[in-house]
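Q: Just one file: entry_8.txt, with compact mmCIF, C-alpha atoms.
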# COMPACT_ATOMS: atom_id res chain seq x y z
CA MET E 99 77.72 107.13 246.04
CA LYS E 100 78.21 104.27 248.50
CA LYS E 101 81.03 106.05 250.26
CA PHE E 102 78.93 109.22 250.52
CA VAL E 103 75.98 107.36 252.01
CA PHE E 104 78.18 105.53 254.49
CA GLY E 105 79.95 108.71 255.54
CA GLY E 106 76.66 110.56 255.98
CA LEU E 107 75.08 107.71 257.92
CA CYS E 108 78.10 107.39 260.18
CA ALA E 109 78.15 111.13 260.88
CA ALA E 110 74.42 111.16 261.58
CA MET E 111 74.66 108.24 263.99
CA MET E 112 77.53 109.86 265.83
CA ALA E 113 75.63 113.12 266.07
CA ILE E 114 72.59 111.39 267.54
CA SER E 115 74.40 109.82 270.44
CA GLY E 116 78.14 109.25 270.31
CA THR E 117 78.22 108.58 274.04
CA ALA E 118 75.44 106.01 273.92
CA MET E 119 77.11 104.19 271.04
CA ALA E 120 80.46 104.17 272.81
CA ALA E 121 78.88 102.66 275.89
CA ASP E 122 77.84 99.64 273.83
CA PHE E 123 81.43 98.68 273.04
CA VAL E 124 82.83 96.30 275.60
CA ALA E 125 86.04 94.31 275.93
CA GLY E 126 85.66 90.66 275.06
CA LYS E 127 82.67 91.36 272.83
CA ASP E 128 83.46 94.23 270.48
CA TYR E 129 87.22 94.17 270.86
CA THR E 130 89.95 92.14 272.55
CA VAL E 131 92.45 93.48 275.08
CA VAL E 132 96.00 92.48 274.14
CA ALA E 133 97.72 90.47 276.87
CA ASN E 134 101.17 91.69 275.83
CA PRO E 135 100.79 95.28 274.51
CA GLY E 136 103.16 96.39 271.76
CA LYS E 137 105.13 99.58 271.32
CA VAL E 138 103.86 102.18 268.87
CA ALA E 139 105.96 103.22 265.88
CA VAL E 140 105.59 106.96 266.53
CA PRO E 141 105.77 107.94 270.20
CA GLY E 142 103.15 110.49 271.18
CA LYS E 143 100.65 109.38 268.54
CA ILE E 144 97.82 106.88 268.88
CA GLU E 145 98.54 104.00 266.52
CA VAL E 146 95.99 102.20 264.37
CA ARG E 147 97.52 99.19 262.58
CA GLU E 148 95.50 97.16 260.08
CA PHE E 149 96.48 93.56 259.32
CA PHE E 150 95.12 92.21 256.02
CA TRP E 151 95.60 89.82 253.10
CA TYR E 152 94.71 90.75 249.53
CA GLY E 153 92.94 87.43 248.98
CA CYS E 154 90.72 87.79 252.05
CA PRO E 155 87.09 88.61 251.11
CA HIS E 156 86.45 89.97 254.61
CA CYS E 157 89.39 92.37 254.28
CA PHE E 158 88.00 93.44 250.91
CA LYS E 159 84.58 94.16 252.45
CA LEU E 160 86.18 96.17 255.26
CA GLU E 161 88.40 98.25 252.95
CA PRO E 162 85.75 100.83 251.85
CA TYR E 163 85.01 101.60 255.49
CA MET E 164 88.71 101.98 256.25
CA GLN E 165 89.16 104.21 253.20
CA ALA E 166 86.29 106.44 254.37
CA TRP E 167 87.76 106.54 257.88
CA LEU E 168 91.20 107.48 256.53
CA LYS E 169 89.76 110.56 254.84
CA GLN E 170 88.92 111.91 258.29
CA ILE E 171 91.82 110.49 260.30
CA PRO E 172 92.56 112.59 263.43
CA LYS E 173 95.90 114.42 263.51
CA ASP E 174 96.99 112.60 266.66
CA VAL E 175 96.57 109.18 265.01
CA ASN E 176 99.24 107.27 263.06
CA PHE E 177 97.81 104.69 260.64
CA LEU E 178 99.85 101.70 259.47
CA ARG E 179 99.06 98.79 257.18
CA THR E 180 100.70 95.46 257.91
CA PRO E 181 100.17 92.68 255.36
CA ALA E 182 99.71 89.41 257.25
CA ALA E 183 102.26 86.71 256.44
CA MET E 184 100.97 83.98 258.72
CA ASN E 185 101.20 81.24 256.08
CA LYS E 186 103.07 80.68 252.81
CA VAL E 187 100.30 81.98 250.55
CA TRP E 188 99.72 85.12 252.61
CA GLU E 189 103.46 85.70 252.72
CA GLN E 190 103.57 86.01 248.93
CA GLY E 191 101.08 88.88 249.04
CA ALA E 192 102.88 90.48 251.97
CA ARG E 193 106.19 90.42 250.11
CA ALA E 194 104.50 92.01 247.09
CA TYR E 195 103.03 94.74 249.29
CA TYR E 196 106.42 95.60 250.77
CA VAL E 197 108.05 95.59 247.33
CA SER E 198 105.37 97.97 246.03
CA GLU E 199 105.97 100.18 249.05
CA ALA E 200 109.73 100.19 248.48
CA LEU E 201 109.27 101.08 244.81
CA GLY E 202 106.77 103.85 245.52
CA VAL E 203 103.80 102.31 243.72
CA ARG E 204 101.77 101.11 246.71
CA LYS E 205 99.23 103.93 246.60
CA LYS E 206 98.25 103.28 243.00
CA THR E 207 98.29 99.47 243.24
CA HIS E 208 96.74 98.74 246.66
CA LEU E 209 93.05 98.97 245.73
CA PRO E 210 93.46 97.64 242.16
CA LEU E 211 95.06 94.44 243.49
CA PHE E 212 92.23 94.01 245.99
CA HIS E 213 89.68 94.39 243.16
CA ALA E 214 91.57 92.19 240.70
CA ILE E 215 91.46 89.28 243.15
CA ASN E 216 88.08 89.78 244.82
CA ASP E 217 85.97 91.38 242.07
CA GLN E 218 87.54 89.90 238.96
CA GLY E 219 88.50 86.51 240.39
CA GLN E 220 92.12 86.71 239.26
CA GLN E 221 94.42 84.18 240.93
CA ILE E 222 97.24 86.56 241.88
CA PHE E 223 98.74 84.63 244.75
CA ASP E 224 102.30 83.68 243.81
CA GLN E 225 105.47 85.53 242.85
CA ALA E 226 105.04 85.05 239.10
CA SER E 227 101.43 86.30 238.96
CA LEU E 228 102.22 89.17 241.31
CA ALA E 229 105.20 90.22 239.18
CA LYS E 230 102.94 90.33 236.10
CA PHE E 231 100.33 92.38 237.96
CA TYR E 232 102.84 95.01 239.07
CA ALA E 233 104.40 95.09 235.60
CA GLY E 234 101.09 96.60 234.50
CA TYR E 235 101.88 99.54 236.77
CA GLY E 236 105.35 100.19 235.45
CA VAL E 237 107.40 97.85 237.65
CA PRO E 238 109.80 95.73 235.55
CA GLU E 239 109.37 92.04 236.40
CA GLN E 240 113.13 91.66 236.83
CA LYS E 241 113.18 94.51 239.36
CA PHE E 242 110.21 93.07 241.22
CA ASN E 243 111.73 89.58 241.34
CA SER E 244 115.10 90.86 242.49
CA MET E 245 113.49 92.50 245.50
CA PHE E 246 110.86 89.88 246.31
CA ASN E 247 113.10 87.66 248.45
CA SER E 248 115.66 90.32 249.37
CA PHE E 249 116.88 90.81 252.92
CA PRO E 250 114.99 94.11 253.54
CA ILE E 251 111.69 92.54 252.44
CA THR E 252 112.34 89.36 254.43
CA ALA E 253 113.05 91.49 257.50
CA LYS E 254 109.65 93.17 257.12
CA ILE E 255 107.98 89.77 256.81
CA ALA E 256 109.65 88.71 260.07
CA GLU E 257 108.40 91.90 261.74
CA SER E 258 104.85 91.29 260.49
CA ASN E 259 104.86 87.76 261.92
CA LYS E 260 106.35 88.93 265.20
CA LEU E 261 103.59 91.50 265.62
CA ALA E 262 100.89 89.00 264.65
CA GLN E 263 102.17 86.62 267.32
CA GLN E 264 102.44 89.35 269.91
CA TYR E 265 98.85 90.41 269.29
CA GLN E 266 97.77 86.73 269.16
CA LEU E 267 96.05 87.15 265.82
CA THR E 268 94.25 84.12 264.43
CA GLY E 269 93.05 85.73 261.21
CA VAL E 270 92.39 88.90 259.26
CA PRO E 271 91.15 91.53 259.00
CA ALA E 272 92.38 92.67 262.38
CA VAL E 273 92.94 96.27 263.47
CA VAL E 274 95.18 96.89 266.46
CA VAL E 275 94.67 100.18 268.31
CA ASN E 276 97.67 101.60 270.12
CA GLY E 277 99.17 98.15 270.57
CA LYS E 278 96.52 97.39 273.20
CA TYR E 279 93.27 96.39 271.53
CA VAL E 280 92.31 94.17 268.59
CA VAL E 281 89.17 94.92 266.56
CA GLN E 282 87.86 92.37 264.06
CA GLY E 283 85.00 92.50 261.57
CA GLU E 284 84.16 93.50 258.03
CA ASP E 285 81.63 96.32 258.33
CA GLY E 286 81.20 99.89 259.54
CA LYS E 287 81.12 98.85 263.17
CA VAL E 288 84.88 98.28 263.00
CA THR E 289 85.68 101.96 262.45
CA GLN E 290 83.17 102.94 265.15
CA VAL E 291 84.98 100.72 267.65
CA ILE E 292 88.33 102.10 266.45
CA ASN E 293 87.13 105.65 267.12
CA TYR E 294 85.85 104.62 270.55
CA LEU E 295 89.23 103.10 271.45
CA ILE E 296 91.10 106.15 270.14
CA GLU E 297 89.04 108.34 272.43
CA LYS E 298 89.63 105.91 275.28
CA GLU E 299 93.39 106.26 274.73
CA ARG E 300 93.14 110.05 274.58
CA LYS E 301 91.39 110.14 277.92
CA GLY E 302 94.01 107.79 279.35
CA LYS E 303 96.89 110.11 278.51
Show the structure stored in the file as structure tokens.
A:
Amino acid sequence: MKKFVFGGLCAAMMAISGTAMAADFVAGKDYTVVANPGKVAVPGKIEVREFFWYGCPHCFKLEPYMQAWLKQIPKDVNFLRTPAAMNKVWEQGARAYYVSEALGVRKKTHLPLFHAINDQGQQIFDQASLAKFYAGYGVPEQKFNSMFNSFPITAKIAESNKLAQQYQLTGVPAVVVNGKYVVQGEDGKVTQVINYLIEKERKGK
């Protein structure tokens, strides 16, 4: 029901005055312009990259809005999730995310892990607890542990940190649009600003 109400409200607001809303979004207030823009992963598509940490309550609050937005993602947009690894604790969650991605279980574990930590208060922040969590979704702990510190996963962690530094991120959630703009927040305004910046990039092509 919540998703339906949000989607309906968002659509109604856009229908009333999309132009007026867009005019309210300004650099330095609603989003930050990246000093050193990054390259997009898929040339020709507008990139939206979300940085998050499973233990972040603000990321958890933003997730329903991102999920609703993803159901209506434009065809010319490429969406990417990048787990932040900016400290040792966050890195554990980031490694787990990349392992789940490599093993093909990310889609069925992404939201449950968010809920387990933020709704149920489970302390799933280290390798051992993460291995047990994923074991509940059919991933053998030995397989999980063998991949956790592997070279491919470590390379992805290095890439995540490189991007975070390039975009000068100081925290999460943070959504980077087309390697040029950073949007931060935990409510529906975030996706409105994302849509505004996507349209801005379209017009700039």
Q: Compile the contact shell of Ala133 (chain E) as a list in words: residues with an atom at most 10 Å away, counting all atoms listed in the file, same-chain residues fewer than 5 positions apart removed.
A: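 Counting only the stated atoms, we get Gln264, Tyr265, Gln266, Lys278 and Tyr279 of chain E.
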Q: Find the residue from E:Ala233, E:Ile144, E:Leu267, E:Met164 that sits nearest to Lys301 (chain E); use all atoms listed in the file when measuring.
A: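 Of all the options, E:Ile144 lies closest to Lys301 (chain E).
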Q: My list of candidates is E:Thr252, E:Asn293, E:Gln282, E:Gln170. Which is closest to Thr130 (chain E) when distances are computed with all atoms listed in the file?
A: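 Nearest candidate to Thr130 (chain E) out of E:Thr252, E:Asn293, E:Gln282, E:Gln170: E:Gln282.
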Q: Between CA of Leu168 (chain E) and CA of Val187 (chain E), what is the distance in Å, rounded to a tenth?
A: 27.7 Å
Q: Pick from E:Glu299, E:Glu161, E:Asp128, E:Asp122: nearest to His213 (chain E), with all atoms listed in the file counted?
A: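 The shortest atom-to-atom distance to His213 (chain E) comes from E:Glu161.
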Q: Any idea what the distance is between CA of Cys154 (chain E) and CA of Val131 (chain E)?
A: 23.8 Å
Q: Which residues come within 6 Å of Phe177 (chain E), counting all atoms listed in the file, excluding same-chain residues fewer than 5 positions away, as a list of chain:residue names?
A: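 Skipping anything fewer than 5 positions along the chain leaves E:Glu145, E:Val146, E:Arg147.
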Q: In Å, with one decimal, what is the gap from CA of Trp151 (chain E) to CA of Glu239 (chain E)?
A: 21.8 Å
Q: Smallest atom-to-atom distance to Gln218 (chain E): which of E:Gly302, E:Pro135, E:Gly153, E:Gly236, using all atoms listed in the file?
A: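 Under the stated criterion, the closest residue is E:Gly153.
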Q: If we count all atoms listed in the file and set the cut-off at 12 Å, which residues sit around region 222-228 of chain E, ignoring sequence neighbours fewer than 5 positions away in its own chain? Please answer as JSON, numbers by chain.
A: {"E": [151, 152, 153, 154, 186, 187, 188, 189, 190, 191, 192, 193, 194, 195, 197, 198, 207, 210, 211, 212, 213, 214, 215, 216, 233, 234, 235, 237, 238, 239, 240, 242, 243, 244, 245, 246, 247]}
Q: Between E:Ala253, E:Ala125, E:Ala139, E:Leu261, which residue has the minimum interatomic distance to Met184 (chain E), considering all atoms listed in the file?
A: E:Leu261
Q: Kindly indicate which residue among E:Gly286, E:Gly277, E:Pro181, E:Gly269 lies nearest to Gly136 (chain E), using all atoms listed in the file for the distances.
A: E:Gly277
Q: Assuming 6 Å of padding per side, give the centre and edge lengths of the axis-aligned box around every listed atom of region 175-178 of chain E, in Å to one decimal and as JSON.
A:
{"center_x": 98.2, "center_y": 105.4, "center_z": 262.2, "size_x": 15.3, "size_y": 19.5, "size_z": 17.5}
Q: Would you kindly return, as a VMD selection string, each protein, DNA or RNA residue with an atom no farther than 12 Å from any atom of Gly283 (chain E), considering all atoms listed in the file and excluding same-chain residues fewer than 4 positions away?
A: chain E and resid 127 to 129 148 to 150 155 to 161 163 to 164 269 to 273 287 to 292
